[in-house]
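Undergrad: So here's coords-v2.csv (CSV, C-alpha atoms).
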```csv
chain,number,residue,atom,x,y,z
F,199,MET,CA,-23.7,-48.9,-34.4
F,200,LYS,CA,-26.7,-51.2,-35.0
F,201,ARG,CA,-26.2,-50.8,-38.8
F,202,LEU,CA,-22.6,-51.9,-38.5
F,203,VAL,CA,-23.6,-55.0,-36.5
F,204,LEU,CA,-26.0,-56.0,-39.3
F,205,TRP,CA,-23.0,-56.2,-41.7
F,206,LEU,CA,-21.0,-58.4,-39.4
F,207,PRO,CA,-22.3,-61.8,-40.6
F,208,LEU,CA,-21.6,-60.9,-44.2
F,209,GLY,CA,-18.1,-59.7,-43.2
F,210,ALA,CA,-17.5,-63.0,-41.5
F,211,PHE,CA,-18.7,-64.9,-44.5
F,212,LEU,CA,-16.4,-63.0,-46.8
F,213,ILE,CA,-13.5,-63.7,-44.6
F,214,PHE,CA,-14.5,-67.4,-44.6
F,215,LEU,CA,-14.7,-67.2,-48.4
F,216,ALA,CA,-11.2,-65.6,-48.7
F,217,VAL,CA,-9.7,-68.3,-46.5
F,218,VAL,CA,-11.3,-71.1,-48.6
F,219,ALA,CA,-10.2,-69.5,-51.8
F,220,ALA,CA,-6.7,-69.0,-50.6
F,221,GLY,CA,-6.6,-72.7,-49.7
F,222,LEU,CA,-8.0,-73.8,-53.0
F,223,TYR,CA,-5.5,-71.8,-55.1
F,224,THR,CA,-2.4,-72.6,-53.1
F,225,PRO,CA,-0.7,-75.5,-54.8
F,226,ARG,CA,-0.9,-78.7,-52.8
F,227,GLN,CA,2.2,-79.4,-50.9
F,228,GLU,CA,2.8,-83.1,-51.2
F,229,ALA,CA,6.3,-83.4,-50.1
F,230,VAL,CA,6.8,-84.3,-46.4
F,231,PRO,CA,10.2,-82.9,-45.4
F,232,SER,CA,12.3,-84.8,-42.9
F,233,ALA,CA,12.4,-83.4,-39.4
F,234,MET,CA,15.8,-85.0,-39.0
F,235,ILE,CA,17.7,-82.2,-40.9
F,236,GLY,CA,20.3,-80.8,-38.5
F,237,GLN,CA,20.1,-84.0,-36.4
F,238,PRO,CA,22.7,-86.8,-36.2
F,239,VAL,CA,22.0,-89.7,-38.5
F,240,PRO,CA,20.3,-92.6,-36.6
F,241,ASP,CA,22.3,-95.8,-35.8
F,242,PHE,CA,22.0,-98.5,-38.5
F,243,ALA,CA,24.0,-101.2,-40.2
F,244,LEU,CA,22.6,-102.3,-43.6
F,245,GLN,CA,23.9,-105.4,-45.2
F,246,PRO,CA,25.2,-105.1,-48.8
F,247,ALA,CA,22.4,-105.1,-51.3
F,248,ILE,CA,24.7,-106.4,-54.0
F,249,PRO,CA,27.4,-109.0,-53.4
F,250,GLY,CA,30.9,-107.7,-53.7
F,251,ARG,CA,29.9,-104.1,-52.8
F,252,PRO,CA,29.9,-102.6,-49.3
F,253,GLY,CA,26.7,-102.1,-47.4
F,254,LEU,CA,26.0,-98.9,-45.5
F,255,THR,CA,26.4,-98.2,-41.8
F,256,SER,CA,25.9,-95.1,-39.7
F,257,ALA,CA,29.5,-95.5,-38.5
F,258,GLU,CA,30.7,-95.0,-42.1
F,259,LEU,CA,28.5,-91.8,-42.3
F,260,ARG,CA,30.3,-90.4,-39.3
F,261,SER,CA,33.8,-91.2,-40.5
F,262,GLY,CA,34.8,-87.7,-41.1
F,263,ARG,CA,34.0,-87.2,-44.8
F,264,PRO,CA,30.6,-86.0,-46.1
F,265,HIS,CA,28.3,-88.4,-47.8
F,266,LEU,CA,25.6,-88.2,-50.4
F,267,VAL,CA,23.0,-90.9,-49.7
F,268,ASN,CA,20.5,-91.7,-52.3
F,269,ILE,CA,17.4,-93.6,-51.2
F,270,PHE,CA,16.0,-95.5,-54.1
F,271,ALA,CA,14.5,-98.8,-55.3
F,272,SER,CA,14.5,-100.8,-58.5
F,273,TRP,CA,10.6,-100.8,-58.4
F,274,CYS,CA,10.5,-97.0,-58.3
F,275,LEU,CA,9.9,-95.4,-61.7
F,276,PRO,CA,11.3,-91.9,-61.0
F,277,CYS,CA,14.5,-93.5,-59.7
F,278,ARG,CA,15.3,-94.5,-63.2
F,279,THR,CA,15.5,-90.9,-64.4
F,280,GLU,CA,18.1,-89.7,-62.0
F,281,ALA,CA,21.0,-92.2,-62.8
F,282,ALA,CA,22.5,-89.6,-65.3
F,283,GLN,CA,22.4,-86.9,-62.7
F,284,LEU,CA,24.0,-89.1,-60.0
F,285,ALA,CA,26.7,-90.1,-62.5
F,286,GLU,CA,27.3,-86.4,-63.2
F,287,LEU,CA,27.7,-85.8,-59.4
F,288,ASN,CA,30.2,-88.7,-59.5
F,289,ARG,CA,32.1,-86.9,-62.3
F,290,ARG,CA,32.2,-83.8,-60.1
F,291,GLY,CA,33.9,-85.7,-57.4
F,292,ILE,CA,30.9,-86.6,-55.2
F,293,PRO,CA,30.7,-90.3,-54.4
F,294,VAL,CA,27.1,-91.6,-54.1
F,295,ASP,CA,26.0,-94.1,-51.5
F,296,GLY,CA,22.7,-95.9,-52.0
F,297,ILE,CA,20.0,-97.3,-49.7
F,298,ALA,CA,17.9,-99.7,-51.7
F,299,VAL,CA,14.4,-99.9,-50.1
F,300,ARG,CA,12.5,-103.2,-50.1
F,301,ASP,CA,14.6,-104.6,-53.0
F,302,ARG,CA,15.6,-108.0,-54.2
F,303,GLU,CA,19.2,-108.6,-55.4
F,304,GLN,CA,18.2,-109.8,-58.9
F,305,ASP,CA,15.9,-106.8,-59.5
F,306,LEU,CA,18.6,-104.4,-58.2
F,307,ALA,CA,21.2,-106.0,-60.5
F,308,GLN,CA,19.0,-105.6,-63.5
F,309,PHE,CA,18.1,-102.0,-62.5
F,310,LEU,CA,21.8,-101.1,-62.3
F,311,ALA,CA,22.6,-102.8,-65.5
F,312,THR,CA,19.8,-101.0,-67.4
F,313,TYR,CA,19.8,-97.5,-66.0
F,314,GLY,CA,23.4,-97.1,-64.8
F,315,ASP,CA,25.3,-97.6,-61.6
F,316,PRO,CA,26.7,-94.6,-59.9
F,317,PHE,CA,26.9,-96.2,-56.4
F,318,ARG,CA,29.9,-96.7,-54.3
F,319,ALA,CA,28.0,-98.7,-51.6
F,320,ILE,CA,24.5,-100.0,-51.5
F,321,GLY,CA,22.8,-100.9,-48.2
F,322,ALA,CA,19.7,-103.2,-48.3
F,323,ASP,CA,16.8,-101.6,-46.3
F,324,ILE,CA,14.6,-104.7,-46.6
F,325,ASP,CA,12.0,-103.7,-44.0
F,326,ARG,CA,12.2,-99.9,-44.7
F,327,ARG,CA,13.3,-99.3,-41.1
F,328,VAL,CA,16.2,-97.0,-42.1
F,329,GLN,CA,14.1,-95.0,-44.4
F,330,LEU,CA,11.5,-94.4,-41.7
F,331,ASP,CA,14.3,-93.7,-39.1
F,332,ILE,CA,15.8,-91.0,-41.3
F,333,GLY,CA,12.5,-89.3,-42.0
F,334,SER,CA,12.2,-90.1,-45.6
F,335,ALA,CA,8.6,-90.3,-46.9
F,336,GLY,CA,9.2,-92.0,-50.3
F,337,VAL,CA,11.7,-92.9,-53.0
F,338,PRO,CA,13.7,-91.3,-54.5
F,339,GLU,CA,15.2,-89.0,-51.9
F,340,THR,CA,18.7,-87.8,-51.5
F,341,PHE,CA,20.4,-86.7,-48.3
F,342,VAL,CA,23.6,-84.8,-47.8
F,343,ILE,CA,25.3,-85.8,-44.5
F,344,ASP,CA,28.4,-84.1,-43.2
F,345,GLY,CA,31.6,-85.7,-41.8
F,346,ARG,CA,30.2,-85.8,-38.2
F,347,GLY,CA,27.1,-87.6,-39.4
F,348,ILE,CA,24.8,-84.6,-39.2
F,349,ILE,CA,22.0,-84.6,-41.8
F,350,ARG,CA,22.4,-81.4,-43.7
F,351,HIS,CA,20.2,-81.4,-46.7
F,352,GLN,CA,17.3,-83.4,-48.1
F,353,HIS,CA,16.3,-83.5,-51.7
F,354,ILE,CA,12.8,-85.0,-52.3
F,355,GLY,CA,12.1,-86.6,-55.7
F,356,ALA,CA,14.3,-87.5,-58.6
F,357,ILE,CA,17.3,-85.2,-59.2
F,358,THR,CA,17.0,-83.3,-62.4
F,359,ASP,CA,19.7,-81.1,-64.1
F,360,ALA,CA,18.1,-78.1,-62.5
F,361,ASP,CA,18.6,-79.5,-59.0
F,362,LEU,CA,22.4,-80.1,-59.4
F,363,PRO,CA,23.5,-76.6,-58.3
F,364,GLU,CA,21.4,-76.9,-55.1
F,365,ILE,CA,22.9,-80.3,-54.3
F,366,MET,CA,26.5,-79.1,-55.1
F,367,ALA,CA,25.9,-76.2,-52.8
F,368,ALA,CA,24.7,-78.4,-50.0
F,369,TRP,CA,27.7,-80.7,-50.6
F,370,GLN,CA,30.1,-77.7,-50.4
F,371,GLU,CA,28.4,-76.6,-47.2
F,372,ALA,CA,28.7,-80.1,-45.6
F,373,SER,CA,32.4,-80.4,-46.7
F,374,ARG,CA,33.4,-77.3,-44.7
C,516,MET,CA,-4.2,-117.1,-33.1
C,517,SER,CA,-3.4,-114.2,-35.3
C,518,MET,CA,-6.1,-112.9,-37.5
C,519,PRO,CA,-5.7,-110.5,-40.4
C,520,SER,CA,-6.9,-107.0,-39.8
C,521,TYR,CA,-8.5,-105.3,-42.7
C,522,PRO,CA,-8.4,-101.7,-43.9
C,523,SER,CA,-11.8,-100.3,-43.0
C,524,SER,CA,-12.6,-99.2,-46.5
C,525,VAL,CA,-12.0,-100.4,-50.0
C,526,ARG,CA,-10.3,-97.9,-52.3
C,527,VAL,CA,-9.5,-97.6,-56.0
C,528,GLU,CA,-7.1,-94.7,-55.3
C,529,ARG,CA,-3.4,-95.1,-56.2
C,530,SER,CA,-1.1,-95.5,-53.3
C,531,ARG,CA,2.2,-94.1,-54.3
C,532,ASP,CA,5.4,-94.7,-52.5
C,533,THR,CA,7.4,-92.8,-55.1
C,534,HIS,CA,7.9,-89.1,-55.6
C,535,SER,CA,7.1,-88.0,-59.2
C,536,SER,CA,6.4,-84.7,-60.9
C,537,ALA,CA,5.3,-83.6,-64.4
C,538,GLY,CA,8.9,-83.1,-65.4
C,539,GLU,CA,9.9,-86.6,-64.3
C,540,LYS,CA,6.9,-88.0,-66.1
C,541,ARG,CA,8.1,-86.4,-69.3
C,542,ALA,CA,11.6,-87.7,-68.6
C,543,LEU,CA,10.1,-91.2,-68.1
C,544,ALA,CA,8.3,-91.0,-71.4
C,545,SER,CA,11.5,-90.2,-73.2
C,546,LEU,CA,13.2,-93.1,-71.5
C,547,GLY,CA,10.5,-95.4,-72.9
C,548,GLY,CA,9.3,-96.2,-69.4
C,549,VAL,CA,5.8,-95.0,-70.0
C,550,PRO,CA,4.2,-94.9,-73.5
C,551,ARG,CA,3.3,-91.5,-74.9
C,552,LEU,CA,-0.4,-91.0,-75.2
C,553,ARG,CA,-1.9,-90.5,-78.6
C,554,SER,CA,-5.2,-88.8,-79.3
C,555,GLY,CA,-8.4,-90.7,-79.8
C,556,ARG,CA,-9.5,-94.1,-78.6
C,557,THR,CA,-6.0,-95.6,-78.4
C,558,GLY,CA,-5.0,-92.7,-76.2
C,559,LEU,CA,-8.0,-93.3,-73.9
C,560,GLY,CA,-7.3,-97.0,-73.8
C,561,LEU,CA,-3.7,-96.4,-73.0
C,562,ALA,CA,-4.7,-93.9,-70.3
C,563,VAL,CA,-7.0,-96.4,-68.7
C,564,ALA,CA,-4.4,-99.2,-68.9
C,565,LEU,CA,-1.8,-96.8,-67.3
C,566,VAL,CA,-4.1,-96.0,-64.4
C,567,LEU,CA,-4.8,-99.6,-63.8
C,568,ALA,CA,-1.2,-100.6,-64.1
C,569,ALA,CA,0.2,-97.8,-61.9
C,570,PRO,CA,-0.1,-99.5,-58.5
C,571,ALA,CA,2.0,-102.4,-59.7
C,572,PHE,CA,4.9,-100.0,-60.2
C,573,ALA,CA,4.4,-98.2,-56.9
C,574,ASP,CA,5.0,-101.1,-54.6
C,575,SER,CA,8.0,-103.4,-54.3
C,576,LEU,CA,8.0,-107.1,-55.1
C,577,LEU,CA,8.7,-108.1,-51.5
C,578,PRO,CA,5.8,-109.5,-49.3
C,579,PRO,CA,4.2,-107.2,-46.8
C,580,ALA,CA,6.0,-106.6,-43.5
C,581,ARG,CA,5.3,-109.2,-40.7
C,582,TYR,CA,2.7,-107.2,-38.8
C,583,ALA,CA,1.4,-105.1,-41.6
C,584,ASN,CA,-1.9,-107.0,-41.9
C,585,VAL,CA,-1.6,-109.4,-38.9
C,586,GLN,CA,-2.9,-108.6,-35.5
C,587,LEU,CA,-0.8,-108.9,-32.3
C,588,PRO,CA,-1.6,-112.1,-30.3
C,589,ASP,CA,-2.3,-110.0,-27.2
C,590,PRO,CA,-5.7,-108.3,-27.7
C,591,ARG,CA,-4.9,-105.5,-25.2
C,592,GLN,CA,-1.7,-104.6,-27.1
C,593,GLU,CA,-3.5,-104.9,-30.5
C,594,ARG,CA,-6.1,-102.4,-29.2
C,595,GLN,CA,-3.3,-100.0,-28.2
C,596,ALA,CA,-1.5,-100.4,-31.6
C,597,ARG,CA,-4.8,-100.0,-33.5
C,598,ALA,CA,-5.7,-96.8,-31.6
C,599,LEU,CA,-2.3,-95.3,-32.4
C,600,MET,CA,-2.5,-96.3,-36.1
C,601,GLU,CA,-5.8,-94.5,-36.4
C,602,THR,CA,-4.1,-91.2,-35.5
C,603,ILE,CA,-1.0,-91.6,-37.5
C,604,ARG,CA,-1.1,-90.1,-41.0
C,605,CYS,CA,-0.1,-92.1,-44.0
C,606,LEU,CA,2.9,-90.4,-45.6
C,607,VAL,CA,2.1,-91.3,-49.2
C,608,CYS,CA,-1.7,-91.1,-49.3
C,609,GLN,CA,-1.8,-88.1,-47.0
C,610,GLY,CA,-5.6,-88.0,-46.5
C,611,GLN,CA,-5.7,-91.3,-44.6
C,612,SER,CA,-4.5,-92.8,-41.4
C,613,ILE,CA,-2.1,-95.7,-41.7
C,614,ALA,CA,-4.9,-97.9,-40.3
C,615,ASP,CA,-7.0,-97.1,-43.4
C,616,SER,CA,-4.4,-97.1,-46.1
C,617,ASN,CA,-3.3,-100.0,-48.1
C,618,ALA,CA,-0.1,-98.3,-49.3
C,619,GLU,CA,2.9,-100.5,-48.8
C,620,MET,CA,4.6,-97.8,-46.7
C,621,ALA,CA,1.6,-97.6,-44.4
C,622,GLY,CA,1.8,-101.4,-44.0
C,623,ASP,CA,5.5,-101.0,-43.0
C,624,MET,CA,4.5,-98.4,-40.5
C,625,ARG,CA,1.7,-100.5,-39.0
C,626,SER,CA,4.2,-103.4,-38.6
C,627,LEU,CA,6.7,-101.0,-36.9
C,628,ILE,CA,4.0,-99.8,-34.5
C,629,ARG,CA,2.8,-103.3,-33.6
C,630,GLU,CA,6.4,-104.6,-33.1
C,631,ARG,CA,7.2,-101.7,-30.8
C,632,ILE,CA,4.0,-102.1,-28.8
C,633,GLN,CA,4.8,-105.8,-28.5
C,634,ALA,CA,8.2,-104.9,-27.2
C,635,GLY,CA,6.6,-102.9,-24.5
C,636,GLU,CA,7.0,-99.3,-25.8
C,637,SER,CA,4.1,-96.9,-25.0
C,638,PRO,CA,2.0,-95.6,-27.9
C,639,GLU,CA,2.8,-92.0,-27.0
C,640,ALA,CA,6.6,-92.8,-27.1
C,641,ILE,CA,6.1,-94.2,-30.6
C,642,ARG,CA,4.1,-91.2,-31.7
C,643,ALA,CA,6.9,-88.9,-30.4
C,644,TRP,CA,9.4,-91.0,-32.3
C,645,LEU,CA,7.4,-90.5,-35.5
C,646,VAL,CA,6.9,-86.8,-34.9
C,647,SER,CA,10.7,-86.5,-34.4
C,648,ARG,CA,11.1,-88.0,-37.9
C,649,TYR,CA,8.3,-86.3,-39.9
C,650,GLY,CA,7.2,-83.4,-37.7
C,651,GLU,CA,3.7,-82.8,-36.2
C,652,TRP,CA,2.4,-83.4,-39.7
C,653,VAL,CA,2.4,-87.1,-39.2
C,654,SER,CA,0.1,-87.1,-36.1
C,655,TYR,CA,-3.7,-86.6,-36.4
C,656,GLN,CA,-3.7,-85.5,-32.7
C,657,PRO,CA,-2.7,-81.8,-32.9
C,658,VAL,CA,-0.8,-80.5,-29.8
C,659,LEU,CA,-1.7,-77.2,-28.2
C,660,GLU,CA,0.8,-74.7,-29.5
C,661,PRO,CA,0.6,-71.1,-30.9
C,662,ALA,CA,0.1,-72.4,-34.5
C,663,THR,CA,-2.9,-74.6,-33.4
C,664,LEU,CA,-4.4,-72.1,-31.0
C,665,ALA,CA,-7.2,-71.2,-33.5
C,666,LEU,CA,-8.0,-74.8,-34.0
C,667,TRP,CA,-8.5,-75.5,-30.3
C,668,ALA,CA,-10.2,-72.2,-29.5
C,669,ALA,CA,-12.6,-72.1,-32.4
C,670,PRO,CA,-15.2,-74.6,-31.0
C,671,ALA,CA,-15.4,-72.7,-27.7
C,672,LEU,CA,-15.6,-69.3,-29.4
C,673,LEU,CA,-18.3,-70.5,-31.7
C,674,LEU,CA,-20.3,-71.9,-28.8
C,675,LEU,CA,-19.9,-68.7,-26.9
C,676,GLY,CA,-21.0,-66.7,-29.9
C,677,GLY,CA,-24.1,-68.9,-30.3
C,678,LEU,CA,-25.1,-68.5,-26.7
C,679,TRP,CA,-24.7,-64.8,-27.0
C,680,LEU,CA,-27.0,-64.7,-30.1
C,681,ALA,CA,-29.5,-67.0,-28.5
C,682,ARG,CA,-29.6,-64.8,-25.4
C,683,GLY,CA,-30.3,-61.8,-27.5
C,684,ARG,CA,-33.2,-63.5,-29.3
C,685,PHE,CA,-34.8,-64.8,-26.0
C,686,ARG,CA,-34.6,-61.4,-24.5
C,687,ARG,CA,-36.4,-59.7,-27.4
C,688,ARG,CA,-39.1,-62.4,-27.4
C,689,ARG,CA,-39.8,-61.8,-23.7
C,690,ARG,CA,-40.1,-58.1,-24.2
C,691,ALA,CA,-42.6,-58.6,-27.1
```
Is it possible to express this structure as structure tokens?
TA:
Amino acid sequence: MKRLVLWLPLGAFLIFLAVVAAGLYTPRQEAVPSAMIGQPVPDFALQPAIPGRPGLTSAELRSGRPHLVNIFASWCLPCRTEAAQLAELNRRGIPVDGIAVRDREQDLAQFLATYGDPFRAIGADIDRRVQLDIGSAGVPETFVIDGRGIIRHQHIGAITDADLPEIMAAWQEASR
Amino acid sequence: MSMPSYPSSVRVERSRDTHSSAGEKRALASLGGVPRLRSGRTGLGLAVALVLAAPAFADSLLPPARYANVQLPDPRQERQARALMETIRCLVCQGQSIADSNAEMAGDMRSLIRERIQAGESPEAIRAWLVSRYGEWVSYQPVLEPATLALWAAPALLLLGGLWLARGRFRRRRRA
């Protein structure tokens, strides 16, 4: 019995080592998922970010049809890469609504002219309130919202070709 | 009079409001957004320039939010807001509180907290609002729940273990 107790500190140290090693080798999880998935979209009414195109309101998101909402900004580098994928979603019959975070009209116009413009509506989230309210931790992020205005799916980061099936599936799910 | 409040430390770290991954960086390079690195001194110079230039891309061109770096006129409210900010985690820099971070998003969150405190909301209600958006992750004040049991119990257990060890030692000495 006494012998066994002598080994106890070493045992405890080895367990400690295992915990630390496991922590070191687990890839760092940087994405902060929204806690709003499954919740109704919060109330908001964003002014149009571009003249001549509608802004975005929570009432529109509850109007009975599902919505794909892309949170982006002209100053965000990864946002430039996903225009092709958003256009592809458009081609497959999914309209894309945008929320432009902390953006200026002239920057946005230039961004859309340079990298492509897949957006049906773009709301201007000047003070980032809607982004915070919806639980988004950065740009770009894409939310799938069903016809009743319930947030169904969140995609964090730019959409790549490999992400399209996942987003299509979430869209189908939300359309039901 | 309103006085600026300063982040408590100076940092050289990048504060990123944008999500990016290795794949997106490659995609960016092919878009011509980021120059491809060449080997040798030019490569190093480019790398240094890139690191220095990065923060300029990560933030928007709009000025900081109203109360991002400005204290509330009422010192009691400012104290409350400050105490809350020190226990809210920055979403984009992750190791820091929003009081310590100079990321733009942290500034927006500071402004949101100050405005809500000024409007009479209690700090704990604001914390609950943030937790309902981002999960417990966003708070530096862990609640007592099954997942955090070890965290709360560890200090007491270690203290008890120490007392038990000390008791054994004193007993032996008395006998000798």
Undergrad: Using 9 Å as the limit and counting all atoms listed in the file, can you tabulate each residue of chain F that touches chain C, with its shortest atom-to-atom distance in Å and the two atoms involved, as a Markdown table?
TA:
```
| residue | atom | partner | partner_atom | distance |
| --- | --- | --- | --- | --- |
| F:Glu228 | CA | C:Gln609 | CA | 8.0 |
| F:Ala229 | CA | C:His534 | CA | 8.1 |
| F:Val230 | CA | C:Tyr649 | CA | 7.0 |
| F:Pro231 | CA | C:Tyr649 | CA | 6.7 |
| F:Ser232 | CA | C:Tyr649 | CA | 5.2 |
| F:Ala233 | CA | C:Arg648 | CA | 5.0 |
| F:Met234 | CA | C:Arg648 | CA | 5.7 |
| F:Ala271 | CA | C:Ser575 | CA | 8.0 |
| F:Ser272 | CA | C:Ser575 | CA | 8.2 |
| F:Trp273 | CA | C:Ser575 | CA | 5.5 |
| F:Cys274 | CA | C:Thr533 | CA | 6.1 |
| F:Leu275 | CA | C:Phe572 | CA | 7.0 |
| F:Pro276 | CA | C:Ser535 | CA | 6.0 |
| F:Cys277 | CA | C:Thr533 | CA | 8.5 |
| F:Arg278 | CA | C:Leu543 | CA | 7.9 |
| F:Thr279 | CA | C:Leu543 | CA | 6.6 |
| F:Val299 | CA | C:Ser575 | CA | 8.4 |
| F:Arg300 | CA | C:Ser575 | CA | 6.2 |
| F:Asp301 | CA | C:Ser575 | CA | 6.8 |
| F:Arg302 | CA | C:Leu577 | CA | 7.4 |
| F:Ile324 | CA | C:Leu577 | CA | 8.4 |
| F:Asp325 | CA | C:Ala580 | CA | 6.7 |
| F:Arg326 | CA | C:Asp623 | CA | 7.0 |
| F:Arg327 | CA | C:Leu627 | CA | 8.0 |
| F:Leu330 | CA | C:Arg648 | CA | 7.5 |
| F:Asp331 | CA | C:Arg648 | CA | 6.6 |
| F:Ile332 | CA | C:Arg648 | CA | 6.5 |
| F:Gly333 | CA | C:Arg648 | CA | 4.5 |
| F:Ser334 | CA | C:Tyr649 | CA | 7.9 |
| F:Ala335 | CA | C:Leu606 | CA | 5.8 |
| F:Gly336 | CA | C:Asp532 | CA | 5.2 |
| F:Val337 | CA | C:Thr533 | CA | 4.8 |
| F:Pro338 | CA | C:His534 | CA | 6.3 |
| F:Glu339 | CA | C:His534 | CA | 8.2 |
| F:Ile354 | CA | C:His534 | CA | 7.2 |
| F:Gly355 | CA | C:His534 | CA | 4.9 |
| F:Ala356 | CA | C:Ser535 | CA | 7.2 |
| F:Thr358 | CA | C:Glu539 | CA | 8.1 |
```
Undergrad: Between CA of Gly345 in chain F and CA of Pro249 in chain F, what is the spacing in Å?
TA: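 Computed distance, CA of Pro249 in chain F to CA of Gly345 in chain F, equals 26.4 Å.
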Undergrad: Using Å and a single decimal, report how far CA of Ala662 in chain C sits from CA of Ile641 in chain C.
TA: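 Rounded to one decimal, the two atoms are 22.9 Å apart.
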Undergrad: List as a PyMOL selection string the protein and nucleic acid residues near Leu254 in chain F, meaning an atom at most 9 Å away when only C-alpha atoms are counted, but skip any in the same chain fewer than 3 places from it.
TA: chain F and resi 242-246+257-259+295-297+319-322
Undergrad: Report, in Å with one decimal, the straight-line distance from CA of Leu675 in chain C to CA of Ala220 in chain F.
TA: 27.1 Å
Undergrad: Can you pull out the residues contacting Asp361 in chain F? Cut-off 12 Å, using only C-alpha atoms, and skip same-chain residues under 6 positions away; I want them as a list in words.
TA: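 Close residues of Asp361 in chain F: Glu280, Gln283, Leu284, Glu286, Leu287, Thr340, Gln352, His353, Ile354, Gly355, Ala367 and Ala368 of chain F.
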Undergrad: Out of F:Trp205, F:Tyr313, F:Phe211, F:Phe341, which residue has the shortest atom-to-atom distance to Gly236 in chain F when counting only C-alpha atoms?
TA: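 Using only C-alpha atoms, the shortest distance to Gly236 in chain F belongs to F:Phe341.
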Undergrad: List as a ChimeraX atom specification the protein and nucleic acid residues near Ile248 in chain F, meaning an atom at most 8 Å away when only C-alpha atoms are counted, but skip any in the same chain fewer than 2 places from it.
TA: /F:246,250-252,303,306-307,320
Undergrad: Counting all atoms listed in the file, what is within 10 Å of Gln656 in chain C, bar same-chain residues fewer than 3 positions away, as an MDAnalysis selection string?
TA: chainID C and resid 599 601:604 642 651:653 659
Undergrad: Can you spit out range 677-688 of chain C with C-alpha atoms, as a PDB file, in the first residue's frame, from the structure just given?
TA:
```pdb
ATOM      1  CA  GLY C 677      -2.092  20.280   0.744  1.00  0.00           C
ATOM      2  CA  LEU C 678      -3.498  20.358   4.266  1.00  0.00           C
ATOM      3  CA  TRP C 679      -3.594  16.575   4.337  1.00  0.00           C
ATOM      4  CA  LEU C 680       0.064  16.372   3.208  1.00  0.00           C
ATOM      5  CA  ALA C 681       1.134  19.000   5.755  1.00  0.00           C
ATOM      6  CA  ARG C 682      -0.706  17.193   8.517  1.00  0.00           C
ATOM      7  CA  GLY C 683       1.173  13.989   7.684  1.00  0.00           C
ATOM      8  CA  ARG C 684       4.518  15.754   7.806  1.00  0.00           C
ATOM      9  CA  PHE C 685       3.870  17.493  11.140  1.00  0.00           C
ATOM     10  CA  ARG C 686       2.728  14.232  12.692  1.00  0.00           C
ATOM     11  CA  ARG C 687       5.906  12.437  11.627  1.00  0.00           C
ATOM     12  CA  ARG C 688       8.078  15.254  13.006  1.00  0.00           C
TER      13      ARG C 688
END
```
